[in-house]
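Each remark here refers to the structure printed beneath this line.
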Amino acid sequence: MTEFIAFEKDAEVAGHAILTCLSCFPVYYRADVESILKEKNILDITPDKWFNLQNYLDVFKEISMRYGPNTLFNVGLAVGDSIPFPPEATLEAVLTGWDSGYRSHHRNATLGYIKLLSFDYQAKKAVVEVKTSYPCHFARGMTMGFARRFKPQDAGFIDVELDKSKPSHLDGADSSFFVITWL
């Protein structure tokens, strides 16, 4: 699978997810992003309306081409920072429940998944597999947003890196693996 390609043509994304993402763009990009959304036939966005996922992924692709992968990372980071969770949420619980949240905002197709593969408090390391149609840099940003926001209490520093020992979306693979470490 290549980045920016929906698993199936009938896949849809909720307007709520699009609005959340749009609100995470820096103000100086928003008019341009809104213009790109319109170009890709994503019009009259309301939280309860559904939109073609491929059209939305085309928006991400255009943003990546115009502004680069760091913009996708930063938007993912802001999305991870903004999604509401109960105050007692832990990083392990958030990463475990991420797939459920993803599924609640997408429908009508094979969606892939987001899976916490390991979480080791003693080794201060966790591994997440993201098998979705979203770009790798955006997924890493979301992972970092969650990690930074819900880092373990004893962590002074937390980092998220793409596991370069495995193929990723950047290489055309179906999944990207993110290694979360903390000190």
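Ligands are numbered from 1 in the order shown, chains are lettered A, B, ... in the order of the structure tokens, and residues start at 1 in each chain.
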I'd like a table as a tab-separated table: residues in region 68-132 of chain A with an atom no more than 8 Å from region 145-162 of chain A, each row giving the shortest atom pair and its distance in Å to one decimal, only C-alpha atoms counted, sorted by chain and rising residue number.
```
residue	atom	partner	partner_atom	distance
A:Gly76	CA	A:Gly145	CA	7.3
A:Leu77	CA	A:Gly145	CA	4.5
A:Ala78	CA	A:Gly145	CA	6.6
A:Val79	CA	A:Gly145	CA	7.2
A:Gly80	CA	A:Gly145	CA	4.2
A:Asp81	CA	A:Gly145	CA	5.0
A:Ala89	CA	A:Phe150	CA	7.3
A:Thr90	CA	A:Phe150	CA	5.7
A:Leu91	CA	A:Phe150	CA	4.8
A:Val94	CA	A:Phe146	CA	7.3
A:Leu95	CA	A:Phe146	CA	7.7
```
> Could you pull out all residues of region 53-176 of chain A with a DSSP call of helix (DSSP H, G or I) and give them as number ranges by chain?
Replying inline: A: 53-67, 69-82, 91-104, 136-149, 169-171
Contacts of Leu111 (chain A) within 9 Å, only C-alpha atoms, excl. fewer than 6 positions in-chain, as a PDB file with C-alpha atoms, in the first residue's frame:
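Wrote out-v2.pdb, looks like this:
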```
ATOM      1  CA  ALA A   6      -7.675   4.373   0.823  1.00  0.00           C
ATOM      2  CA  PHE A   7      -7.973   0.629   1.271  1.00  0.00           C
ATOM      3  CA  GLU A   8     -11.345   0.738  -0.527  1.00  0.00           C
ATOM      4  CA  ALA A  11     -14.378   4.262   2.735  1.00  0.00           C
ATOM      5  CA  TYR A 102     -10.122   5.589  14.694  1.00  0.00           C
ATOM      6  CA  ARG A 103     -12.928   3.157  13.845  1.00  0.00           C
ATOM      7  CA  LYS A 131      -1.917   0.208   9.456  1.00  0.00           C
ATOM      8  CA  THR A 132      -4.164   2.932   8.067  1.00  0.00           C
ATOM      9  CA  SER A 133      -4.380   4.969   4.887  1.00  0.00           C
TER      10      SER A 133
END
```
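Minimum atom-to-atom distances from A:Lys166, A:Ser82, A:Arg140, A:Trp182 to Phe119 (chain A) were compared using only C-alpha atoms, and the lowest value belongs to A:Trp182.
You can rank A:Asp99, A:Asp171, A:Glu129, A:Glu34 by their closest distance to Phe60 (chain A) using only C-alpha atoms, and at the top of that list sits A:Glu34.
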>> One decimal, in Å: what's the spacing between CA of Lys124 (chain A) and CA of Leu183 (chain A)?
In response: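 Result for CA of Lys124 (chain A) versus CA of Leu183 (chain A): 7.0 Å, one decimal.
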>> One decimal, in Å: what's the spacing between CA of Glu12 (chain A) and CA of His105 (chain A)?
In response: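 Going from CA of Glu12 (chain A) over to CA of His105 (chain A) covers 8.3 Å.
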> Any idea what the distance is between CA of Ala109 (chain A) and CA of Val128 (chain A)?
Replying inline: 22.2 Å
> Taking the backbone alone, and naming residues the way the document does, which bits of chain A are strand (DSSP E or B) by DSSP, as a VMD selection string?
Replying inline: chain A and resid 12 to 14 50 to 52 106 to 107 113 to 120 125 to 131 158 to 162 176 to 182
